[in-house]
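Text of final-v5.tsv (TSV, C-alpha atoms and all ligand atoms) as supplied:
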chain	number	residue	atom	x	y	z
A	20	MET	CA	-23.73	-22.19	-1.55
A	21	GLN	CA	-23.07	-20.14	1.55
A	22	ARG	CA	-25.23	-19.24	4.50
A	23	LEU	CA	-27.05	-15.96	3.82
A	24	ASP	CA	-26.12	-14.38	7.16
A	25	LYS	CA	-22.46	-15.08	6.42
A	26	THR	CA	-22.70	-13.47	2.98
A	27	LEU	CA	-24.49	-10.41	4.38
A	28	SER	CA	-21.94	-10.05	7.16
A	29	LYS	CA	-19.12	-10.16	4.62
A	30	GLU	CA	-20.64	-7.87	2.02
A	31	LEU	CA	-22.08	-5.27	4.40
A	32	ASN	CA	-19.32	-5.43	7.02
A	33	ILE	CA	-21.78	-6.19	9.81
A	34	SER	CA	-21.71	-8.93	12.45
A	35	ARG	CA	-23.35	-12.31	11.87
A	36	SER	CA	-25.95	-11.51	14.54
A	37	GLU	CA	-26.78	-8.17	12.89
A	38	ALA	CA	-27.20	-10.04	9.60
A	39	LYS	CA	-29.52	-12.56	11.28
A	40	GLN	CA	-31.59	-9.67	12.69
A	41	LEU	CA	-32.03	-8.20	9.21
A	42	ILE	CA	-33.22	-11.56	7.88
A	43	LYS	CA	-35.56	-12.01	10.84
A	44	LYS	CA	-37.06	-8.54	10.31
A	45	GLY	CA	-37.98	-9.53	6.75
A	46	SER	CA	-35.60	-6.99	5.20
A	47	VAL	CA	-33.74	-9.46	3.00
A	48	LYS	CA	-34.75	-11.06	-0.30
A	49	VAL	CA	-32.89	-13.61	-2.43
A	50	ASN	CA	-33.88	-13.53	-6.11
A	51	GLY	CA	-36.99	-11.61	-5.15
A	52	ALA	CA	-38.17	-14.11	-2.51
A	53	LEU	CA	-38.25	-13.23	1.19
A	54	ALA	CA	-35.33	-14.89	2.97
A	55	SER	CA	-35.59	-16.97	6.11
A	56	SER	CA	-33.12	-17.74	8.89
A	57	ASP	CA	-31.87	-20.90	7.15
A	58	SER	CA	-31.56	-19.37	3.66
A	59	LYS	CA	-28.44	-20.03	1.64
A	60	CYS	CA	-27.19	-18.19	-1.41
A	61	ALA	CA	-24.85	-18.64	-4.35
A	62	GLU	CA	-22.46	-16.10	-5.88
A	63	ASP	CA	-24.81	-15.22	-8.72
A	64	ASP	CA	-27.97	-14.89	-6.60
A	65	VAL	CA	-29.46	-11.40	-6.43
A	66	ILE	CA	-29.65	-10.36	-2.78
A	67	SER	CA	-31.44	-7.23	-1.66
A	68	VAL	CA	-31.75	-5.53	1.72
A	69	ASN	CA	-34.69	-3.16	2.12
A	70	GLY	CA	-35.05	-3.14	-1.65
A	71	LYS	CA	-31.40	-2.21	-2.31
A	72	GLU	CA	-29.34	-4.75	-4.22
A	73	ILE	CA	-26.17	-5.97	-2.51
A	74	LYS	CA	-23.24	-6.46	-4.84
A	75	GLN	CA	-21.28	-9.61	-4.08
A	76	ASN	CA	-17.52	-9.73	-4.46
A	77	LYS	CA	-16.51	-12.90	-6.31
A	78	PHE	CA	-13.24	-12.97	-4.48
A	79	VAL	CA	-12.41	-12.21	-0.89
A	80	TYR	CA	-10.77	-8.92	0.15
A	81	ILE	CA	-9.74	-8.49	3.77
A	82	MET	CA	-8.42	-5.48	5.63
A	83	LEU	CA	-6.01	-6.49	8.40
A	84	ASN	CA	-4.56	-4.10	10.96
A	85	LYS	CA	-1.18	-5.76	11.02
A	86	PRO	CA	0.60	-5.75	14.37
A	87	GLN	CA	4.38	-5.74	14.76
A	88	GLY	CA	5.96	-9.19	14.71
A	89	ALA	CA	3.86	-10.87	12.01
A	90	VAL	CA	5.46	-11.59	8.63
A	91	SER	CA	3.70	-10.73	5.37
A	92	ALA	CA	3.74	-14.27	3.98
A	93	THR	CA	1.31	-17.15	3.60
A	94	GLU	CA	3.51	-19.57	5.53
A	95	ASP	CA	6.72	-19.52	7.50
A	96	LYS	CA	8.58	-22.25	9.38
A	97	SER	CA	9.27	-20.24	12.52
A	98	GLU	CA	7.43	-16.90	12.41
A	99	LYS	CA	3.78	-16.02	12.84
A	100	THR	CA	2.29	-14.99	9.47
A	101	VAL	CA	-0.48	-12.53	8.69
A	102	ILE	CA	-2.65	-15.48	7.61
A	103	ASP	CA	-2.26	-17.00	11.10
A	104	LEU	CA	-3.87	-13.83	12.49
A	105	LEU	CA	-7.13	-14.30	10.59
A	106	PRO	CA	-10.08	-15.87	12.39
A	107	GLU	CA	-10.72	-19.43	11.23
A	108	GLU	CA	-13.89	-18.50	9.32
A	109	MET	CA	-12.00	-15.98	7.14
A	110	ARG	CA	-9.25	-18.33	6.06
A	111	ARG	CA	-9.62	-19.87	2.65
A	112	LYS	CA	-7.43	-21.42	0.03
A	113	GLY	CA	-5.42	-19.03	-2.10
A	114	LEU	CA	-5.41	-16.03	0.27
A	115	PHE	CA	-2.23	-14.00	0.21
A	116	PRO	CA	-1.11	-10.51	1.23
A	117	ALA	CA	-1.29	-8.01	-1.65
A	118	GLY	CA	2.05	-6.37	-1.02
A	119	ARG	CA	4.33	-6.76	1.94
A	120	LEU	CA	4.81	-4.78	5.10
A	121	ASP	CA	8.03	-5.31	7.06
A	122	LYS	CA	7.80	-7.43	10.18
A	123	ASP	CA	7.96	-4.33	12.39
A	124	THR	CA	5.55	-2.22	10.26
A	125	THR	CA	1.94	-1.97	11.43
A	126	GLY	CA	-1.33	-1.02	9.75
A	127	PHE	CA	-3.34	-1.70	6.62
A	128	LEU	CA	-2.51	-4.95	4.89
A	129	LEU	CA	-4.89	-6.19	2.21
A	130	LEU	CA	-5.33	-9.94	1.87
A	131	THR	CA	-7.08	-11.41	-1.12
A	132	ASP	CA	-7.39	-14.47	-3.36
A	133	ASP	CA	-7.75	-12.23	-6.44
A	134	GLY	CA	-4.35	-12.29	-8.16
A	135	GLU	CA	-5.29	-9.87	-10.92
A	136	PHE	CA	-6.54	-7.26	-8.46
A	137	ALA	CA	-3.43	-7.63	-6.29
A	138	HIS	CA	-1.23	-7.14	-9.32
A	139	SER	CA	-3.15	-4.06	-10.41
A	140	ILE	CA	-2.95	-2.26	-7.06
A	141	LEU	CA	0.76	-3.01	-6.69
A	142	SER	CA	1.85	-2.05	-10.18
A	143	PRO	CA	3.71	1.30	-10.13
A	144	LYS	CA	2.08	2.04	-13.50
A	145	LYS	CA	-1.37	2.06	-11.91
A	146	HIS	CA	-0.54	4.91	-9.52
A	147	ILE	CA	-2.37	3.60	-6.47
A	148	ASP	CA	-1.18	5.66	-3.51
A	149	LYS	CA	-0.01	3.85	-0.42
A	150	ILE	CA	-0.09	6.22	2.53
A	151	TYR	CA	2.04	5.76	5.65
A	152	THR	CA	2.80	7.61	8.85
A	153	ALA	CA	6.26	7.42	10.40
A	154	ARG	CA	8.03	8.54	13.54
A	155	LEU	CA	11.63	9.51	12.88
A	156	ASP	CA	14.69	9.89	15.09
A	157	LYS	CA	15.57	13.26	13.50
A	158	PRO	CA	13.55	16.06	11.91
A	159	ILE	CA	12.99	16.39	8.17
A	160	ASN	CA	13.70	19.60	6.22
A	161	GLU	CA	12.78	21.14	2.86
A	162	ASP	CA	15.70	19.45	1.03
A	163	ILE	CA	14.45	16.02	2.07
A	164	ILE	CA	10.88	16.86	1.05
A	165	ASN	CA	12.17	17.98	-2.36
A	166	ASP	CA	14.24	14.82	-2.78
A	167	PHE	CA	11.14	12.68	-2.06
A	168	GLU	CA	8.99	14.73	-4.44
A	169	SER	CA	11.37	14.97	-7.35
A	170	GLY	CA	11.84	11.18	-7.67
A	171	MET	CA	14.79	10.01	-5.60
A	172	GLN	CA	17.78	8.04	-6.83
A	173	LEU	CA	18.07	5.11	-4.40
A	174	GLY	CA	20.90	2.70	-5.19
A	175	ASP	CA	20.23	1.50	-8.75
A	176	SER	CA	16.60	2.62	-8.73
A	177	LEU	CA	15.14	5.93	-9.80
A	178	LEU	CA	11.99	6.18	-7.69
A	179	GLN	CA	8.70	7.76	-8.62
A	180	SER	CA	7.72	11.00	-6.98
A	181	ALA	CA	6.68	10.45	-3.34
A	182	GLY	CA	4.84	12.76	-0.98
A	183	LEU	CA	6.36	13.80	2.35
A	184	GLU	CA	4.73	16.16	4.84
A	185	THR	CA	4.77	16.77	8.56
A	186	ILE	CA	1.81	15.89	10.76
A	187	ASP	CA	0.61	18.50	13.29
A	188	GLY	CA	3.70	20.60	12.59
A	189	ASP	CA	5.98	17.94	14.15
A	190	ASN	CA	9.10	17.50	11.97
A	191	THR	CA	9.68	13.97	13.31
A	192	PHE	CA	6.12	12.72	12.70
A	193	VAL	CA	5.38	12.53	8.99
A	194	LYS	CA	3.01	11.32	6.30
A	195	ILE	CA	4.53	9.57	3.28
A	196	THR	CA	2.70	8.79	0.03
A	197	LEU	CA	4.22	6.12	-2.22
A	198	ARG	CA	3.08	4.77	-5.57
A	199	GLU	CA	5.41	1.80	-5.64
A	200	GLY	CA	6.77	-0.57	-3.05
A	201	ILE	CA	10.35	-1.61	-3.32
A	202	TYR	CA	12.07	-3.48	-0.53
A	203	HIS	CA	12.29	-1.43	2.73
A	204	GLN	CA	11.57	1.61	0.57
A	205	ILE	CA	10.63	4.17	3.21
A	206	LYS	CA	13.35	3.14	5.65
A	207	ARG	CA	15.94	3.34	2.87
A	208	MET	CA	14.66	6.71	1.61
A	209	PHE	CA	15.15	8.21	5.07
A	210	LYS	CA	18.43	6.36	5.66
A	211	LYS	CA	19.81	8.14	2.60
A	212	HIS	CA	19.32	11.36	4.59
A	213	GLY	CA	20.79	9.94	7.82
A	214	ILE	CA	17.37	9.45	9.43
A	215	THR	CA	16.12	6.26	11.10
A	216	VAL	CA	12.45	5.31	10.97
A	217	VAL	CA	11.45	4.48	14.53
A	218	GLU	CA	7.84	3.51	13.81
A	219	LEU	CA	6.05	2.87	10.50
A	220	ARG	CA	2.34	2.39	9.90
A	221	ARG	CA	0.33	2.12	6.67
A	222	ILE	CA	-2.93	4.01	6.95
A	223	ALA	CA	-4.43	3.87	3.44
A	224	MET	CA	-4.38	2.28	0.01
A	225	GLY	CA	-5.82	4.49	-2.69
A	226	GLY	CA	-8.81	6.24	-1.14
A	227	LEU	CA	-9.53	3.44	1.33
A	228	PHE	CA	-8.34	4.16	4.87
A	229	LEU	CA	-7.64	1.65	7.62
A	230	ASP	CA	-10.79	1.22	9.71
A	231	SER	CA	-10.02	2.97	12.99
A	232	SER	CA	-12.21	0.51	14.90
A	233	LEU	CA	-9.87	-2.37	14.04
A	234	LYS	CA	-7.40	-3.07	16.84
A	235	GLU	CA	-3.96	-4.37	15.91
A	236	GLY	CA	-4.29	-8.00	14.84
A	237	GLU	CA	-7.97	-7.58	13.91
A	238	SER	CA	-9.39	-7.88	10.42
A	239	ARG	CA	-12.62	-7.47	8.51
A	240	TYR	CA	-13.97	-7.92	5.00
A	241	ILE	CA	-13.76	-5.03	2.55
A	242	THR	CA	-17.14	-4.36	0.94
A	243	PHE	CA	-17.82	-3.99	-2.78
A	244	GLU	CA	-18.24	-0.21	-2.41
A	245	GLU	CA	-15.05	0.16	-0.39
A	246	LEU	CA	-13.09	-1.80	-2.96
A	247	GLY	CA	-14.05	0.84	-5.52
A	248	LYS	CA	-12.23	3.46	-3.42
A	249	ILE	CA	-8.86	1.83	-4.09
A	250	LYS	CA	-8.37	3.87	-7.23
A	251	PRO	CA	-5.44	5.46	-9.03
A	252	SER	CA	-4.51	8.95	-7.89
A	253	LYS	CA	-4.52	10.15	-11.52
B	301	LIG	N1	8.60	0.87	3.44
B	301	LIG	C1	9.34	0.22	4.39
B	301	LIG	O1	10.50	0.55	4.62
B	301	LIG	N2	8.74	-0.77	5.06
B	301	LIG	C2	7.47	-1.14	4.89
B	301	LIG	O2	6.98	-2.04	5.56
B	301	LIG	C3	6.72	-0.46	3.90
B	301	LIG	C4	7.32	0.55	3.19

Would you mind writing the structure in this file as structure tokens?
Amino acid sequence: MQRLDKTLSKELNISRSEAKQLIKKGSVKVNGALASSDSKCAEDDVISVNGKEIKQNKFVYIMLNKPQGAVSATEDKSEKTVIDLLPEEMRRKGLFPAGRLDKDTTGFLLLTDDGEFAHSILSPKKHIDKIYTARLDKPINEDIINDFESGMQLGDSLLQSAGLETIDGDNTFVKITLREGIYHQIKRMFKKHGITVVELRRIAMGGLFLDSSLKEGESRYITFEELGKIKPSK
């Protein structure tokens, strides 16, 4: 059993005090009965707000705006991990980052305790787009765009087609769309063309974009509806 305000805050992405207000106003029911400020709920309870049923995620899904300097691991002897960045109340057993971002990469990192889901969004076969922006030390050209799009040979790997386009007409500020995630992939793809990635940021996974109100280092729960946006591109 969990406190109802905590569940509402998690599932609706609102603050605990906003959740308490909803309960106080009489907007919330648990299994058809009006909730009160000390109500608790279980995973299979039916919760409704203003008559609309709230779907509960069985597992936890967290969106973190990863800052530079944190490692995408659950523990590390000397470095700060992405788990260390979570507020105490969000930490729970079994949480891990679904996919890694390099230590110096910023942006959308998804943390979950749902192994099956993590596997499905990372599998290249599932075609979930991972969208990044990058600042480069040199401009891109058509040949590089074609190499990204046609499926690049990188060392021993033949990569899937990747998107590459400029942002605001600036040839050194680009958007990259990947469907897989091999080690240092974007940096190595540009390195092949003699370009260094100066800054890298992940902005979306599938159709779910990083919440622009999250400052670097901040995190929040992903709601049931939002989770549905992380879908294959075809
Ligand atoms: N590609 C990289 O090179 N680094 C990342 O962190 C993610 C994709």

In Å and to one decimal, atom CA of Arg221 of chain A is distant from atom CA of Leu120 of chain A by 8.4 Å

Would you list the residues that come within 10 Å of ligand LIG 301 (chain B)? Count all atoms listed in the file and give the answer as a VMD selection string. chain A and resid 91 118 to 126 128 149 to 151 153 195 to 197 199 to 210 216 218 to 221

Can you work out which one of A:Asn32, A:Ser67, A:Ser139, A:Gln75 has the shortest atom-to-atom distance to Ile249 of chain A, counting all atoms listed in the file?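 Once distances to Ile249 of chain A are computed over all atoms listed in the file, the minimum belongs to A:Ser139.
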
Residues at most 9 Å from Leu41 of chain A, counting only C-alpha atoms, excluding those fewer than 5 positions away in the same chain, as a list in words?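 In the requested format, the answer is Asp24, Ser36, Ser46, Val47 and Val68 of chain A.
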
Residues within 10 Å of (12.1, 10.4, 17.6), file coordinates, counting all atoms listed in the file: what are they? Give the list as a PyMOL selection string. chain A and resi 153-158+190-192+214-218

Residue neighbourhood Glu72 of chain A, 12 Å, all atoms listed in the file, exclusion window fewer than 5 positions, as a VMD selection string: chain A and resid 27 30 to 31 46 to 51 64 to 67 243

Coordinates-based distance that separates atom CA of Ile222 of chain A from atom CA of Ala92 of chain A (Å, one decimal):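 These atoms are spaced 19.7 Å apart.
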
With only C-alpha atoms as the atoms that count, which of A:Met20, A:Ile33, A:Leu83, A:Ala54 lies nearest to Asp230 of chain A?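 Among A:Met20, A:Ile33, A:Leu83, A:Ala54, it is A:Leu83 that comes nearest to Asp230 of chain A.
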
Proximity to Asp133 of chain A - best of A:Leu233, A:Ala52, A:Ala38, A:Val79, only C-alpha atoms: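 Distance minimum relative to Asp133 of chain A lands on A:Val79.
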
Give the answer as one residue: which of A:Glu168, A:Ala223, A:Ser180, A:Ser238 has the shortest atom-to-atom distance to Glu107 of chain A, using all atoms listed in the file? A:Ser238

Could you tell me how far atom CA of Gly113 of chain A sits from atom CA of Lys74 of chain A, in Å to one decimal place?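 So the answer is 22.0 Å.
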
For Phe115 of chain A, work out the shell of residues within 8 Å, counting only C-alpha atoms and skipping chain neighbours fewer than 2 positions away, then give it as a PyMOL selection string. chain A and resi 92-93+102+113+117+130-132

Which is closest to Ser58 of chain A among A:Gln21, A:Thr152, A:Asn84, A:Ser28, if we use only C-alpha atoms? A:Gln21
